[in-house]
Protein chains: 2
Amino acid sequence: MAQARMAARQRGEEQTRARILGVAAEWFGAHGYAATSIRDIAREVGVTVGAIYVHFPSKDRLLVAVYEEGVRRIGEAVDAVPATVPPWERLEAAARAHLDALFDNAGFARVIVRVIPTDVPEAAKDLRRLRHGYEARFRRLVDALDVAPGFDRTLLRLQLIGALNATQAWYKQGGGGADTKSIASQFVAALRTGAASGKGRRG
Amino acid sequence: MAQARMAARQRGEEQTRARILGVAAEWFGAHGYAATSIRDIAREVGVTVGAIYVHFPSKDRLLVAVYEEGVRRIGEAVDAVPATVPPWERLEAAARAHLDALFDNAGFARVIVRVIPTDVPEAAKDLRRLRHGYEARFRRLVDALDVAPGFDRTLLRLQLIGALNATQAWYKQGGGGADTKSIASQFVAALRTGAASGKGRRG
DNA sequence: GGTATAAGTGAACGTTCGTTCACTGCACTC
DNA sequence: GAGTGCAGTGAACGAACGTTCACTTATACC
């Protein structure tokens, strides 16, 4: 009985903390770090500003917590791709998982793309470390590819991740445009075999 | 004589206005719109905050003016590519011009990548119009390409621009890494003929 | 020389920012 | 049932924000 109440209470606590984290992710991802105030978050969660500081010591630590959760989620999605799939197909599946994480309604992944580490000097070191941990997954995926001589794998990786992250600026969910599957498919196909027709293949 | 003084005075005026514009471009591009204050700009220009408002009616109008100048500069750089060059080579040259504009010391072009129109509702309409005007150049460049059936030209354009703009997050000038020429070259080459070696070209 | 014009000053305005803190309410222990 | 511990409150803190305005200064015009 005592344990049950304790558990219920802890659940309640965690719910508030999780809700703060979720709202913070939405706002940091949609409007950026500087443009989001602690009061914006508190208002949307339905608590007072003081309640935020019960769970997080400062605004920048809240950001780090959001970043951490974002990296965890998007990393989980990319890791779910079976290792048995051939390299280029695996990269395509990872690209699609990355896109889907970027556009799920939670918005945790968006923060990683939107908030640049140097924007928040007090948290820059942590943010860089978290980013690096995630990008290592794509590094491994790209290392497994058969790449023609003359192509730099690092540039190839940055080209793909850059294009994927930039979708955030124009992609509209549910609109008449392409879905994440076809975007990932074409992006990887272009990098793999090229988009030029026979005439344009040699310059 | 009167005309000479008039000219000198106007030159002085324009110098202050131009300096405000330049510093604003640096700060908006490096730290974002919300994280840059009018006082930051005034301090670096060496004038008081009131002086800013002599030349620009509000912070968001200052942003629009910076955006306008940024679009003008990067557009000029891309337009300088000779029309006689074959389509894929022209795209590569434009990509390099885009990168160079992004990394010149002025930082006007950086603002266009960094500040998303929706971030500043009062200026969103103007910013979108200016962006659209610039992107139309790349649309024309991509329309001129020989593209294999099954590839969406719009996605192809967004993939290239996205990857180019994302370089801002990692590219370090003068470092040991690739220069803008080789980045543009590989990005376009990958999209044109693919990066896969013989083994990986068919899935 | 007197007057108009416009750049730039410096101080102030009301608001919002991140953060703090004494306090309340409630679930738990002994 | 007194005492402990912690989530959450509500008001306040000083600082910084965008913006305004009466004013000074310097030049151009008559």
# chains A, B, ... in the order shown; residues from 1 in each chain; ligands from 1

$ closest_atom_pairs --of "region 29-122 of chain B" --to "region 17-30 of chain D" --cutoff "12 Å" --atoms "only C-alpha atoms (C1' of nucleotides)" --output "JSON lines"
{"residue": "B:Ala34", "atom": "CA", "partner": "D:DC17", "partner_atom": "C1'", "distance": 10.4}
{"residue": "B:Ala35", "atom": "CA", "partner": "D:DC17", "partner_atom": "C1'", "distance": 10.7}
{"residue": "B:Thr36", "atom": "CA", "partner": "D:DC17", "partner_atom": "C1'", "distance": 10.4}
{"residue": "B:Ser37", "atom": "CA", "partner": "D:DC17", "partner_atom": "C1'", "distance": 7.6}
{"residue": "B:Ile38", "atom": "CA", "partner": "D:DG18", "partner_atom": "C1'", "distance": 7.7}
{"residue": "B:Arg39", "atom": "CA", "partner": "D:DC17", "partner_atom": "C1'", "distance": 9.1}
{"residue": "B:Asp40", "atom": "CA", "partner": "D:DC17", "partner_atom": "C1'", "distance": 11.3}
{"residue": "B:Val49", "atom": "CA", "partner": "D:DT19", "partner_atom": "C1'", "distance": 9.6}
{"residue": "B:Gly50", "atom": "CA", "partner": "D:DT20", "partner_atom": "C1'", "distance": 9.0}
{"residue": "B:Ile52", "atom": "CA", "partner": "D:DT19", "partner_atom": "C1'", "distance": 10.9}
{"residue": "B:Tyr53", "atom": "CA", "partner": "D:DT19", "partner_atom": "C1'", "distance": 8.7}
{"residue": "B:Val54", "atom": "CA", "partner": "D:DT20", "partner_atom": "C1'", "distance": 11.7}
{"residue": "B:Phe56", "atom": "CA", "partner": "D:DT19", "partner_atom": "C1'", "distance": 11.8}
{"residue": "B:Pro57", "atom": "CA", "partner": "D:DT19", "partner_atom": "C1'", "distance": 9.5}
{"residue": "B:Ser58", "atom": "CA", "partner": "D:DT19", "partner_atom": "C1'", "distance": 8.1}
{"residue": "B:Lys59", "atom": "CA", "partner": "D:DG18", "partner_atom": "C1'", "distance": 7.7}
{"residue": "B:Asp60", "atom": "CA", "partner": "D:DG18", "partner_atom": "C1'", "distance": 10.5}

$ write_last_selection --atoms "all heavy atoms" --output "short mmCIF file (atom, residue, chain, number, x, y, z; two decimals), in the first residue's frame"
data_model
loop_
_atom_site.label_atom_id
_atom_site.label_comp_id
_atom_site.auth_asym_id
_atom_site.auth_seq_id
_atom_site.Cartn_x
_atom_site.Cartn_y
_atom_site.Cartn_z
N ALA B 34 16.47 36.20 -32.81
CA ALA B 34 16.02 36.42 -31.44
C ALA B 34 17.18 36.66 -30.49
O ALA B 34 17.05 37.44 -29.54
CB ALA B 34 15.18 35.23 -30.96
N ALA B 35 18.30 36.01 -30.74
CA ALA B 35 19.43 36.12 -29.83
C ALA B 35 20.27 37.37 -30.07
O ALA B 35 21.23 37.62 -29.35
CB ALA B 35 20.31 34.87 -29.94
N THR B 36 19.93 38.13 -31.09
CA THR B 36 20.65 39.37 -31.38
C THR B 36 19.81 40.56 -30.96
O THR B 36 18.65 40.67 -31.36
CB THR B 36 20.95 39.48 -32.88
OG1 THR B 36 21.76 38.38 -33.29
CG2 THR B 36 21.67 40.78 -33.19
N SER B 37 20.35 41.43 -30.14
CA SER B 37 19.60 42.60 -29.69
C SER B 37 20.05 43.85 -30.44
O SER B 37 21.17 43.92 -30.95
CB SER B 37 19.77 42.82 -28.19
OG SER B 37 21.05 43.32 -27.91
N ILE B 38 19.15 44.81 -30.51
CA ILE B 38 19.48 46.10 -31.13
C ILE B 38 20.71 46.70 -30.45
O ILE B 38 21.55 47.31 -31.10
CB ILE B 38 18.27 47.05 -30.98
CG1 ILE B 38 17.07 46.52 -31.79
CG2 ILE B 38 18.64 48.45 -31.43
CD1 ILE B 38 17.19 46.69 -33.27
N ARG B 39 20.83 46.48 -29.15
CA ARG B 39 21.97 47.02 -28.42
C ARG B 39 23.28 46.34 -28.82
O ARG B 39 24.34 46.98 -28.85
CB ARG B 39 21.73 46.87 -26.91
CG ARG B 39 20.75 47.90 -26.37
CD ARG B 39 20.37 47.59 -24.93
NE ARG B 39 19.48 48.61 -24.36
CZ ARG B 39 18.17 48.63 -24.51
NH1 ARG B 39 17.58 47.70 -25.25
NH2 ARG B 39 17.44 49.59 -23.96
N ASP B 40 23.23 45.05 -29.11
CA ASP B 40 24.42 44.35 -29.61
C ASP B 40 24.93 45.03 -30.87
O ASP B 40 26.12 45.29 -31.02
CB ASP B 40 24.08 42.88 -29.95
CG ASP B 40 23.85 42.03 -28.71
OD1 ASP B 40 24.45 42.33 -27.66
OD2 ASP B 40 23.07 41.07 -28.79
N VAL B 49 21.60 53.25 -29.49
CA VAL B 49 20.46 52.52 -30.03
C VAL B 49 19.55 53.42 -30.86
O VAL B 49 18.99 52.99 -31.87
CB VAL B 49 19.62 51.87 -28.91
CG1 VAL B 49 20.27 50.60 -28.42
CG2 VAL B 49 19.37 52.83 -27.78
N GLY B 50 19.44 54.67 -30.44
CA GLY B 50 18.58 55.61 -31.18
C GLY B 50 19.00 55.76 -32.63
O GLY B 50 18.16 55.93 -33.52
N ILE B 52 20.11 53.57 -34.61
CA ILE B 52 19.57 52.48 -35.43
C ILE B 52 18.19 52.87 -35.97
O ILE B 52 17.88 52.66 -37.14
CB ILE B 52 19.43 51.18 -34.61
CG1 ILE B 52 20.73 50.82 -33.91
CG2 ILE B 52 18.93 50.04 -35.50
CD1 ILE B 52 21.74 50.11 -34.72
N TYR B 53 17.41 53.48 -35.07
CA TYR B 53 16.02 53.79 -35.44
C TYR B 53 15.91 55.00 -36.35
O TYR B 53 14.84 55.32 -36.83
CB TYR B 53 15.18 53.97 -34.17
CG TYR B 53 14.85 52.64 -33.53
CD1 TYR B 53 15.70 52.07 -32.59
CD2 TYR B 53 13.71 51.93 -33.91
CE1 TYR B 53 15.42 50.84 -32.02
CE2 TYR B 53 13.42 50.71 -33.35
CZ TYR B 53 14.27 50.17 -32.41
OH TYR B 53 14.00 48.94 -31.86
N VAL B 54 17.01 55.70 -36.56
CA VAL B 54 17.02 56.78 -37.55
C VAL B 54 16.97 56.16 -38.95
O VAL B 54 16.33 56.68 -39.85
CB VAL B 54 18.28 57.65 -37.39
CG1 VAL B 54 18.43 58.60 -38.57
CG2 VAL B 54 18.21 58.43 -36.09
N PHE B 56 16.31 52.61 -39.58
CA PHE B 56 15.37 51.50 -39.72
C PHE B 56 14.25 51.63 -38.70
O PHE B 56 14.52 51.86 -37.51
CB PHE B 56 16.09 50.16 -39.54
CG PHE B 56 17.26 49.97 -40.49
CD1 PHE B 56 18.55 50.31 -40.10
CD2 PHE B 56 17.05 49.49 -41.78
CE1 PHE B 56 19.61 50.16 -40.97
CE2 PHE B 56 18.12 49.33 -42.66
CZ PHE B 56 19.40 49.67 -42.25
N PRO B 57 13.00 51.48 -39.13
CA PRO B 57 11.86 51.74 -38.23
C PRO B 57 11.70 50.68 -37.14
O PRO B 57 11.06 50.96 -36.12
CB PRO B 57 10.66 51.74 -39.17
CG PRO B 57 11.09 50.94 -40.35
CD PRO B 57 12.56 51.16 -40.49
N SER B 58 12.21 49.49 -37.34
CA SER B 58 12.05 48.44 -36.33
C SER B 58 13.07 47.34 -36.57
O SER B 58 13.71 47.28 -37.62
CB SER B 58 10.63 47.86 -36.38
OG SER B 58 10.42 47.22 -37.62
N LYS B 59 13.17 46.44 -35.61
CA LYS B 59 14.14 45.35 -35.71
C LYS B 59 13.80 44.44 -36.89
O LYS B 59 14.69 43.99 -37.61
CB LYS B 59 14.14 44.56 -34.40
CG LYS B 59 15.26 43.54 -34.29
CD LYS B 59 15.09 42.67 -33.04
CE LYS B 59 16.16 41.59 -32.97
NZ LYS B 59 15.90 40.62 -31.87
N ASP B 60 12.51 44.15 -37.08
CA ASP B 60 12.16 43.23 -38.16
C ASP B 60 12.36 43.87 -39.54
O ASP B 60 12.67 43.17 -40.50
CB ASP B 60 10.73 42.69 -37.98
CG ASP B 60 9.70 43.79 -38.02
OD1 ASP B 60 9.39 44.35 -36.95
OD2 ASP B 60 9.19 44.10 -39.11
#

$ interface_residues --of "chain A" --to "chain B" --cutoff "9 Å" --atoms "only C-alpha atoms" --output "number ranges by chain"
A: 30-35, 86-89, 116, 118-119, 145-152, 155-156, 158-167, 169-170, 178, 183, 186-187, 189-203

$ interface_residues --of "chain C" --to "chain B" --cutoff "10 Å" --atoms "only C-alpha atoms (C1' of nucleotides)" --output "list of chain:residue names"
C:DA6, C:DA7, C:DG8, C:DT9, C:DG10

$ atom_distance --atom1 "CA of Thr154 (chain B)" --atom2 "CA of Val142 (chain B)"
8.2 Å

$ atom_distance --atom1 "CA of Lys181 (chain A)" --atom2 "CA of Ala80 (chain A)"
15.7 Å

$ interface_residues --of "chain D" --to "chain A" --cutoff "12 Å" --atoms "only C-alpha atoms (C1' of nucleotides)" --output "PyMOL selection string"
chain D and resi 6-11

$ write_last_selection --atoms "all heavy atoms" --output "short mmCIF file (atom, residue, chain, number, x, y, z; two decimals), in the first residue's frame"
data_model
loop_
_atom_site.label_atom_id
_atom_site.label_comp_id
_atom_site.auth_asym_id
_atom_site.auth_seq_id
_atom_site.Cartn_x
_atom_site.Cartn_y
_atom_site.Cartn_z
P DC D 6 13.68 14.90 -0.43
OP1 DC D 6 14.55 13.78 -0.86
OP2 DC D 6 14.27 16.17 0.08
"O5'" DC D 6 12.72 15.27 -1.63
"C5'" DC D 6 11.62 14.41 -1.94
"C4'" DC D 6 10.46 15.24 -2.46
"O4'" DC D 6 9.80 15.94 -1.39
"C3'" DC D 6 10.86 16.33 -3.47
"O3'" DC D 6 9.98 16.24 -4.57
"C2'" DC D 6 10.62 17.61 -2.70
"C1'" DC D 6 9.42 17.20 -1.87
N1 DC D 6 9.11 18.10 -0.75
C2 DC D 6 7.76 18.47 -0.51
O2 DC D 6 6.88 18.03 -1.24
N3 DC D 6 7.48 19.32 0.52
C4 DC D 6 8.47 19.78 1.28
N4 DC D 6 8.15 20.60 2.29
C5 DC D 6 9.84 19.42 1.06
C6 DC D 6 10.11 18.58 0.04
P DA D 7 10.40 16.63 -6.07
OP1 DA D 7 10.92 15.41 -6.71
OP2 DA D 7 11.23 17.85 -6.00
"O5'" DA D 7 9.01 16.98 -6.76
"C5'" DA D 7 7.95 16.04 -6.74
"C4'" DA D 7 6.63 16.76 -6.89
"O4'" DA D 7 6.37 17.53 -5.68
"C3'" DA D 7 6.57 17.76 -8.03
"O3'" DA D 7 5.26 17.73 -8.59
"C2'" DA D 7 6.85 19.10 -7.37
"C1'" DA D 7 6.23 18.91 -5.99
N9 DA D 7 6.90 19.66 -4.92
C8 DA D 7 8.24 19.67 -4.65
N7 DA D 7 8.55 20.42 -3.61
C5 DA D 7 7.34 20.91 -3.17
C6 DA D 7 6.99 21.77 -2.10
N6 DA D 7 7.88 22.30 -1.26
N1 DA D 7 5.68 22.07 -1.94
C2 DA D 7 4.80 21.54 -2.80
N3 DA D 7 5.00 20.72 -3.85
C4 DA D 7 6.31 20.45 -3.96
P DG D 8 4.90 18.57 -9.89
OP1 DG D 8 3.71 17.95 -10.53
OP2 DG D 8 6.15 18.74 -10.66
"O5'" DG D 8 4.46 19.98 -9.33
"C5'" DG D 8 3.20 20.09 -8.66
"C4'" DG D 8 3.09 21.46 -8.06
"O4'" DG D 8 4.11 21.62 -7.05
"C3'" DG D 8 3.28 22.64 -9.03
"O3'" DG D 8 2.06 23.34 -9.16
"C2'" DG D 8 4.38 23.47 -8.39
"C1'" DG D 8 4.34 23.00 -6.94
N9 DG D 8 5.59 23.25 -6.23
C8 DG D 8 6.84 22.79 -6.54
N7 DG D 8 7.76 23.20 -5.70
C5 DG D 8 7.07 24.00 -4.79
C6 DG D 8 7.53 24.72 -3.65
O6 DG D 8 8.68 24.80 -3.22
N1 DG D 8 6.48 25.39 -3.01
C2 DG D 8 5.17 25.37 -3.41
N2 DG D 8 4.31 26.08 -2.68
N3 DG D 8 4.72 24.70 -4.46
C4 DG D 8 5.72 24.03 -5.10
P DT D 9 1.96 24.77 -9.86
OP1 DT D 9 0.64 24.84 -10.50
OP2 DT D 9 3.18 25.01 -10.65
"O5'" DT D 9 1.96 25.75 -8.62
"C5'" DT D 9 0.98 25.59 -7.59
"C4'" DT D 9 1.02 26.78 -6.65
"O4'" DT D 9 2.28 26.81 -5.94
"C3'" DT D 9 0.87 28.15 -7.33
"O3'" DT D 9 -0.12 28.89 -6.63
"C2'" DT D 9 2.27 28.77 -7.20
"C1'" DT D 9 2.81 28.11 -5.93
N1 DT D 9 4.29 27.98 -5.86
C2 DT D 9 4.98 28.64 -4.87
O2 DT D 9 4.46 29.36 -4.04
N3 DT D 9 6.34 28.43 -4.88
C4 DT D 9 7.05 27.64 -5.76
O4 DT D 9 8.26 27.53 -5.68
C5 DT D 9 6.26 26.98 -6.77
C7 DT D 9 6.93 26.10 -7.77
C6 DT D 9 4.94 27.17 -6.78
P DG D 10 -0.99 29.96 -7.45
OP1 DG D 10 -2.36 29.98 -6.89
OP2 DG D 10 -0.78 29.77 -8.89
"O5'" DG D 10 -0.26 31.30 -7.00
"C5'" DG D 10 -0.04 31.53 -5.61
"C4'" DG D 10 0.91 32.70 -5.43
"O4'" DG D 10 2.28 32.22 -5.47
"C3'" DG D 10 0.81 33.77 -6.51
"O3'" DG D 10 1.00 35.03 -5.89
"C2'" DG D 10 1.99 33.45 -7.43
"C1'" DG D 10 3.00 33.03 -6.38
N9 DG D 10 4.12 32.25 -6.89
C8 DG D 10 4.15 31.47 -8.02
N7 DG D 10 5.31 30.89 -8.20
C5 DG D 10 6.08 31.30 -7.13
C6 DG D 10 7.42 30.98 -6.79
O6 DG D 10 8.21 30.26 -7.38
N1 DG D 10 7.82 31.62 -5.61
C2 DG D 10 7.02 32.45 -4.86
N2 DG D 10 7.56 32.96 -3.77
N3 DG D 10 5.76 32.75 -5.17
C4 DG D 10 5.36 32.14 -6.31
P DA D 11 0.48 36.39 -6.57
OP1 DA D 11 -0.90 36.63 -6.10
OP2 DA D 11 0.77 36.37 -8.03
"O5'" DA D 11 1.45 37.44 -5.86
"C5'" DA D 11 2.03 37.11 -4.59
"C4'" DA D 11 3.51 37.44 -4.59
"O4'" DA D 11 4.28 36.39 -5.21
"C3'" DA D 11 3.87 38.73 -5.35
"O3'" DA D 11 4.60 39.58 -4.49
"C2'" DA D 11 4.73 38.23 -6.51
"C1'" DA D 11 5.34 36.97 -5.93
N9 DA D 11 5.82 36.03 -6.93
C8 DA D 11 5.13 35.55 -8.02
N7 DA D 11 5.82 34.71 -8.75
C5 DA D 11 7.05 34.64 -8.11
C6 DA D 11 8.23 33.92 -8.39
N6 DA D 11 8.36 33.11 -9.43
N1 DA D 11 9.27 34.07 -7.54
C2 DA D 11 9.14 34.88 -6.49
N3 DA D 11 8.08 35.62 -6.12
C4 DA D 11 7.07 35.44 -6.98
#

$ atom_distance --atom1 "CA of Ile20 (chain B)" --atom2 "CA of Ala42 (chain B)"
7.5 Å

$ residues_around --residues "Arg73 (chain A)" --least-positions-apart "4" --cutoff "9 Å" --atoms "only C-alpha atoms (C1' of nucleotides)" --output "ChimeraX atom specification"
/A:68-69,77-78,101,108-109

$ write_last_selection --atoms "N, CA, C and O atoms" --output "tab-separated table (two decimals), in the first residue's frame"
chain	number	residue	atom	x	y	z
A	68	GLU	N	19.21	15.33	-25.26
A	68	GLU	CA	19.53	13.96	-24.90
A	68	GLU	C	18.40	13.02	-25.32
A	68	GLU	O	18.64	11.97	-25.94
A	69	GLU	N	17.20	13.40	-24.98
A	69	GLU	CA	16.05	12.58	-25.33
A	69	GLU	C	15.87	12.53	-26.85
A	69	GLU	O	15.52	11.48	-27.40
A	77	ALA	N	15.42	4.97	-33.61
A	77	ALA	CA	14.74	4.75	-34.88
A	77	ALA	C	15.71	4.26	-35.96
A	77	ALA	O	15.39	3.35	-36.72
A	78	VAL	N	16.89	4.87	-36.00
A	78	VAL	CA	17.87	4.49	-37.01
A	78	VAL	C	18.44	3.10	-36.71
A	78	VAL	O	18.67	2.29	-37.61
A	101	ALA	N	11.59	10.47	-37.79
A	101	ALA	CA	11.82	11.00	-36.45
A	101	ALA	C	11.76	12.53	-36.46
A	101	ALA	O	11.27	13.16	-35.53
A	108	PHE	N	11.16	16.18	-30.81
A	108	PHE	CA	12.45	16.10	-30.12
A	108	PHE	C	13.61	16.16	-31.11
A	108	PHE	O	14.61	16.84	-30.87
A	109	ALA	N	13.46	15.45	-32.22
A	109	ALA	CA	14.55	15.40	-33.18
A	109	ALA	C	14.79	16.75	-33.84
A	109	ALA	O	15.91	17.10	-34.20

$ residues_around --residues "Gly174 (chain A)" --least-positions-apart "4" --cutoff "12 Å" --atoms "only C-alpha atoms (C1' of nucleotides)" --output "compact mmCIF listing (two decimals) with N, CA, C and O atoms, in the first residue's frame"
# COMPACT_ATOMS: atom_id res chain seq x y z
N PHE A 103 9.89 14.31 -38.27
CA PHE A 103 8.54 14.83 -38.49
C PHE A 103 7.46 14.18 -37.64
O PHE A 103 6.29 14.39 -37.89
N ASP A 104 7.86 13.38 -36.66
CA ASP A 104 6.82 12.88 -35.76
C ASP A 104 6.32 14.08 -34.95
O ASP A 104 6.95 15.13 -34.90
N ALA A 178 5.78 14.97 -51.80
CA ALA A 178 6.33 13.64 -51.56
C ALA A 178 6.26 13.28 -50.08
O ALA A 178 6.27 14.16 -49.22
N ASP A 179 6.19 11.98 -49.78
CA ASP A 179 6.23 11.54 -48.39
C ASP A 179 7.67 11.20 -48.01
O ASP A 179 8.57 11.21 -48.86
N THR A 180 7.89 10.89 -46.73
CA THR A 180 9.26 10.66 -46.27
C THR A 180 9.90 9.47 -46.98
O THR A 180 11.10 9.48 -47.24
